[in-house]
There are 2 protein chains.
Amino acid sequence: MTPHPLEGIFHPKSIAVIGATSNPNTGAFGFTESLIEYGYRGKIYPVNPRHTEILGIKAYPNIKDVPGPVDYVISCVPAPAVLDMIADCSQKGVKTIHLFTARFSETGREEGVELEREVLQAAKRGGIRIIGPNCMGLYYPKEGISFCDAMPKKSGTTGLISQSGQMAEEVGRYAALRAVYLSKAISYGNAIDFNECDFLEYFSQDPDTNVILMYVEGVRNGKRFLKLLQHATAIKPVIILKGGKGESGTRMASSHTASLAGSRKIWESLIYQAGAVSAESLEELIDLAASFTYLPPILGLNVGVAGGGGGASVLAADQCEAAGLNVIPLPAEIRDELKRKGSKIWDWIGNPVDMSIRDRVDFVPGDTLQMMAKNKNFDMLIALMNDPHHKRQKGTTAESYLEQFNLEAQKDKPMLAVIPEKSLGADEFDHWSWKVVCEVRTKLIEAGIPFYPTAVRAATAARKLVGYYQEREQSVRERKLPISPISAEKLH
Amino acid sequence: MTPHPLEGIFHPKSIAVIGATSNPNTGAFGFTESLIEYGYRGKIYPVNPRHTEILGIKAYPNIKDVPGPVDYVISCVPAPAVLDMIADCSQKGVKTIHLFTARFSETGREEGVELEREVLQAAKRGGIRIIGPNCMGLYYPKEGISFCDAMPKKSGTTGLISQSGQMAEEVGRYAALRAVYLSKAISYGNAIDFNECDFLEYFSQDPDTNVILMYVEGVRNGKRFLKLLQHATAIKPVIILKGGKGESGTRMASSHTASLAGSRKIWESLIYQAGAVSAESLEELIDLAASFTYLPPILGLNVGVAGGGGGASVLAADQCEAAGLNVIPLPAEIRDELKRKGSKIWDWIGNPVDMSIRDRVDFVPGDTLQMMAKNKNFDMLIALMNDPHHKRQKGTTAESYLEQFNLEAQKDKPMLAVIPEKSLGADEFDHWSWKVVCEVRTKLIEAGIPFYPTAVRAATAARKLVGYYQEREQSVRERKLPISPISAEKLH
């Protein structure tokens, strides 16, 4: 099998940054700086006629002056200088240019549209492939490639295809807070040459990538995209956040990446037909990334919930049900076990387990989580956690907090944790209770348990995960797919 | 006008805690401790036959041994001791008992149901009114009354009626993070005597309370509730979170407060008919409380959005539109002004204002917010903020961050801010960037600008606020209501 054309692009032996600068207040600065900072081991060639050295590296007046071959160019020159730059690159034998350069068709101006057309023609004539324009390009921490200093240095198994550079950065940064790290990411902007289809095709075959995230504003070729998406979802989950669904979002998508956003309905049916997973927001995209990274395939919807007080239990039940999970009544076997163990509320306690009604001696949340984990009626567990906040809880540590929850139960049943995010102010930032919450999250990460700020977000992320695997399982039964979710688990 | 019976209950001259204890690991502890800690100025009488002193205050073996009159009793005795306690209180001439005591009908057990019936009969015979059972009772910081040490000491103008004690506590604590403080709160549990109708009636006339929040699991008398709700919403906004909407939530509501939760549809039409505002989650309840506390009445849906990059602007447009706001195209007058001021992107920039496409010299978000604030086409503004995260942003302060945003614009137009909440771990807790975010929130509070963690939450909170005031304005036009939103504004 010939390697995908993007495989080489993600492994350049040398990178030139044309229009490189040592001024940290410019967008171009981050490219050279990140290659150094993230430990790129290939050759780095800053190109700028006004400097002989940039960030401690020898700079060249023109790409043609670079001594060795250049595999990959990052263009930071202004739009009017792009055609000359492409001509120079072509003479130099460059194969790929990432155009960070913007102000083309997205401006909505005739001259921008025209220049973009000429750029593509010039690149084709010169045998050059284009990423962009108007984008941040590659992120591949394993190879030491990043487009900005705020992206994690740690590698993971989630691939990201993002039309927007800002979204690429936000997904990278915010997913890391949930211990989801990216294998590779691509921000691809106006997509005049390589587009979402090429990236999807590449990531679906990429052995570094187990889950694919996409932020898409417009699709150039719907038919090809659907076909590739169907193919990709048969191998690994693809989670898509669509930008530009309504009238104003469509208008914005056009002025952002010159995308024709298409109608909401067509888009929804495309996602559905392809068996992909739809995210409604950046937050949900990351919730789903956490679920697909940390949870095994789940094929049933029955959930056991424990850990909250009365009101939280009522609301969690409502929210789980609204999200499409089944909050089944507490099975008789568990009641019997509680009775045998001497609980005085064995006949009263339900699912969710309302912790406020137990006697202190009865049980801790972890006991019921363990019983539910061992019980065949449950497909998954949700542990409701809280911020310790009473004076008597002062001195609580993440360890002592988590002792109440039997995290071991996850060995028998997939477990999701709910732990609140709140809009803290300057005073709360230093408060012991929120520090404990942060430390609990770190411990949950160590235990491999994904967490969500609310029950409804946990339930929705679980429901969509089940939907994906059920769909795939059915396709396998109908012999449409070569691989079952259970075998796919081994990919993780 | 005779004062409402609850008026006296919120102003007791003396409180006895029967079953008081100095053991901080019990639920009963918080009552006596909070009365001391929150500065209750009336007489406090701990009652417990096994102690002569509790938390430094003389304790009495029986309520009948208390020397002076007792206006209000908090009962922490176990359920089997309640009938005797009521008899004693009756002899003592007590007028109101709050039954923190639980394990009545909510257990689903016949004996619990029967005991609850007897409790009510005994109270009626003894001329005693009951709050509860199975609840946390009163919170009234101005009078130094609290039910737990984690509630804010600061008073505000938002009243809270909560069937669940846990929800009362969470609303109190979490609303304070958004600078929404409670005037008074009541947690009322099984509601065998005073119920949601009485509390709603009281809060609707209460001059301390400008906005009413409710967490309700069941309503005893739907017709009376609807009538009172219609009356209340004509005077001030009532925001309701309903617990027990689905099958499992209804089951849980029954085992939590013995509530018959009723169908989702009936509930939704009741809220709609009454002109109340519905919240779908605890988070939304607090979002709405922040909106109604900090925003004036808004009667139109046209929103101007500024401050985000490309992807964030596209998604914010989608989310505002999905929430029901109108993200109108940028008015010609603003384009003309940008052109006059020399902006090179006057023809390209839109609404939302995508900050990533401007030249650094063009403008800051605050300039466009100011233009939109002065423009008659906009009804409100949303400022998209972010966590500073680039190395070059190190040294950013809340002040320098907010300089880009012209918060003065809110003088001409209601402004909402969006600033992210994220699930931080132990490492991020100490990171400078999140500290800046927390400080920015504190500055926004000082400026009186409500903030929300996502654009969709800001937009939804704004949409529901507009809906409430539009409905009220229409009722005034149809002469159904005596007071217009504009006059009502003076209540705030």
# chains A, B, ... in the order shown; residues from 1 in each chain; ligands from 1
>>> closest_atom_pairs(of="chain A", to="chain B", cutoff="7 Å", atoms="only C-alpha atoms", output="Markdown table")
| residue | atom | partner | partner_atom | distance |
| --- | --- | --- | --- | --- |
| A:Pro24 | CA | B:Arg392 | CA | 6.8 |
| A:Thr107 | CA | B:Trp348 | CA | 5.6 |
| A:Gly108 | CA | B:Trp348 | CA | 6.7 |
| A:Asp149 | CA | B:His390 | CA | 6.3 |
| A:Ala150 | CA | B:His390 | CA | 5.6 |
| A:Ser164 | CA | B:Gly311 | CA | 5.4 |
| A:Gln166 | CA | B:Gly311 | CA | 6.0 |
| A:Met167 | CA | B:Gly311 | CA | 5.7 |
| A:Leu177 | CA | B:Leu424 | CA | 6.0 |
| A:Gly243 | CA | B:Leu315 | CA | 5.6 |
| A:Gly244 | CA | B:Val314 | CA | 6.0 |
| A:Lys245 | CA | B:Asp318 | CA | 5.9 |
| A:Gly246 | CA | B:Asp318 | CA | 5.4 |
| A:Ser248 | CA | B:Ala317 | CA | 5.6 |
| A:Gly249 | CA | B:Asp318 | CA | 4.8 |
| A:Met252 | CA | B:Val314 | CA | 5.3 |
| A:Ala253 | CA | B:Val314 | CA | 5.8 |
| A:His256 | CA | B:Gly310 | CA | 5.7 |
| A:Gly309 | CA | B:Gln166 | CA | 6.5 |
| A:Gly310 | CA | B:His256 | CA | 5.7 |
| A:Gly311 | CA | B:Ser164 | CA | 5.4 |
| A:Val314 | CA | B:Gly249 | CA | 5.0 |
| A:Leu315 | CA | B:Gly243 | CA | 5.6 |
| A:Ala317 | CA | B:Gly249 | CA | 4.8 |
| A:Asp318 | CA | B:Gly249 | CA | 4.8 |
| A:Glu321 | CA | B:Gly246 | CA | 6.7 |
| A:Val327 | CA | B:Ser248 | CA | 6.0 |
| A:Trp348 | CA | B:Thr107 | CA | 5.6 |
| A:His389 | CA | B:Ala150 | CA | 6.1 |
| A:His390 | CA | B:Ala150 | CA | 5.6 |
| A:Lys391 | CA | B:Asp149 | CA | 6.8 |
| A:Arg392 | CA | B:Pro24 | CA | 6.8 |
| A:Glu421 | CA | B:Ser423 | CA | 5.7 |
| A:Lys422 | CA | B:Glu421 | CA | 6.2 |
| A:Ser423 | CA | B:Glu421 | CA | 5.7 |
| A:Leu424 | CA | B:Cys438 | CA | 5.6 |
| A:Gly425 | CA | B:Cys438 | CA | 4.3 |
| A:Ala426 | CA | B:Glu439 | CA | 4.7 |
| A:Phe429 | CA | B:Cys438 | CA | 6.6 |
| A:Lys435 | CA | B:Phe429 | CA | 6.8 |
| A:Cys438 | CA | B:Gly425 | CA | 4.3 |
| A:Glu439 | CA | B:Ala426 | CA | 4.7 |
| A:Arg441 | CA | B:Gly425 | CA | 5.5 |
| A:Thr442 | CA | B:Gly425 | CA | 5.2 |
>>> residues_around(residues="Ala323 in chain A", least_positions_apart="6", cutoff="7 Å", atoms="only C-alpha atoms", output="PyMOL selection string")
chain A and resi 456+459-460+463
>>> atom_distance(atom1="CA of Met385 in chain B", atom2="CA of Thr397 in chain B")
13.8 Å
>>> select_by_dssp(residues="range 277-313 of chain A", states="alpha helix (DSSP H)", output="MDAnalysis selection string")
chainID A and resid 282:294 310:313
>>> write_last_selection(atoms="N, CA and C atoms", output="mmCIF file, in the first residue's frame")
data_model
loop_
_atom_site.group_PDB
_atom_site.id
_atom_site.type_symbol
_atom_site.label_atom_id
_atom_site.label_comp_id
_atom_site.auth_asym_id
_atom_site.auth_seq_id
_atom_site.Cartn_x
_atom_site.Cartn_y
_atom_site.Cartn_z
ATOM 1 N N LEU A 282 -18.066 23.127 21.561
ATOM 2 C CA LEU A 282 -16.680 22.776 21.875
ATOM 3 C C LEU A 282 -16.631 21.915 23.137
ATOM 4 N N GLU A 283 -17.451 22.276 24.129
ATOM 5 C CA GLU A 283 -17.461 21.538 25.389
ATOM 6 C C GLU A 283 -17.880 20.087 25.144
ATOM 7 N N GLU A 284 -18.912 19.906 24.314
ATOM 8 C CA GLU A 284 -19.368 18.537 24.077
ATOM 9 C C GLU A 284 -18.356 17.748 23.254
ATOM 10 N N LEU A 285 -17.684 18.425 22.332
ATOM 11 C CA LEU A 285 -16.641 17.755 21.546
ATOM 12 C C LEU A 285 -15.608 17.132 22.492
ATOM 13 N N ILE A 286 -15.258 17.896 23.521
ATOM 14 C CA ILE A 286 -14.231 17.427 24.461
ATOM 15 C C ILE A 286 -14.801 16.383 25.417
ATOM 16 N N ASP A 287 -16.051 16.563 25.842
ATOM 17 C CA ASP A 287 -16.713 15.514 26.641
ATOM 18 C C ASP A 287 -16.665 14.182 25.897
ATOM 19 N N LEU A 288 -17.001 14.236 24.619
ATOM 20 C CA LEU A 288 -17.054 13.003 23.827
ATOM 21 C C LEU A 288 -15.657 12.429 23.621
ATOM 22 N N ALA A 289 -14.692 13.315 23.424
ATOM 23 C CA ALA A 289 -13.310 12.841 23.286
ATOM 24 C C ALA A 289 -12.891 12.096 24.554
ATOM 25 N N ALA A 290 -13.280 12.635 25.707
ATOM 26 C CA ALA A 290 -12.936 11.984 26.980
ATOM 27 C C ALA A 290 -13.627 10.626 27.078
ATOM 28 N N SER A 291 -14.901 10.573 26.695
ATOM 29 C CA SER A 291 -15.636 9.300 26.763
ATOM 30 C C SER A 291 -15.001 8.258 25.867
ATOM 31 N N PHE A 292 -14.749 8.628 24.625
ATOM 32 C CA PHE A 292 -14.225 7.642 23.679
ATOM 33 C C PHE A 292 -12.785 7.263 24.001
ATOM 34 N N THR A 293 -12.076 8.129 24.698
ATOM 35 C CA THR A 293 -10.702 7.799 25.068
ATOM 36 C C THR A 293 -10.662 6.880 26.285
ATOM 37 N N TYR A 294 -11.531 7.144 27.261
ATOM 38 C CA TYR A 294 -11.400 6.429 28.538
ATOM 39 C C TYR A 294 -12.424 5.322 28.770
ATOM 40 N N GLY A 310 -30.260 14.296 47.946
ATOM 41 C CA GLY A 310 -31.618 14.123 47.428
ATOM 42 C C GLY A 310 -31.882 14.888 46.146
ATOM 43 N N GLY A 311 -31.719 16.209 46.187
ATOM 44 C CA GLY A 311 -32.020 17.015 45.012
ATOM 45 C C GLY A 311 -31.139 16.631 43.829
ATOM 46 N N ALA A 312 -29.857 16.432 44.096
ATOM 47 C CA ALA A 312 -28.931 16.063 43.017
ATOM 48 C C ALA A 312 -29.326 14.727 42.398
ATOM 49 N N SER A 313 -29.840 13.810 43.216
ATOM 50 C CA SER A 313 -30.245 12.503 42.694
ATOM 51 C C SER A 313 -31.481 12.626 41.805
#
>>> select_by_dssp(residues="range 354-449 of chain A", states="strand (DSSP E or B)", output="list of chain:residue names")
A:Met380, A:Leu381, A:Ile382, A:Ala383, A:Leu384, A:Met415, A:Leu416, A:Ala417, A:Val418
>>> residues_around(residues="Arg41 in chain B", least_positions_apart="3", cutoff="12 Å", atoms="only C-alpha atoms", output="list in words")
His11, Pro12, Lys13, Ser14, Ile15, Ser34, Leu35, Ile36, Glu37, Tyr38, Ile44, Pro141, Lys142, Glu143, Gly144 and Ile145 of chain B
>>> atom_distance(atom1="CA of Val77 in chain A", atom2="CA of Ser259 in chain A")
23.0 Å
>>> atom_distance(atom1="CA of Gly172 in chain B", atom2="CA of Thr158 in chain B")
9.9 Å
>>> residues_around(residues="Ser204 in chain B", least_positions_apart="5", cutoff="10 Å", atoms="only C-alpha atoms", output="MDAnalysis selection string")
chainID B and resid 159 198:199 209:212 228:229 231:238
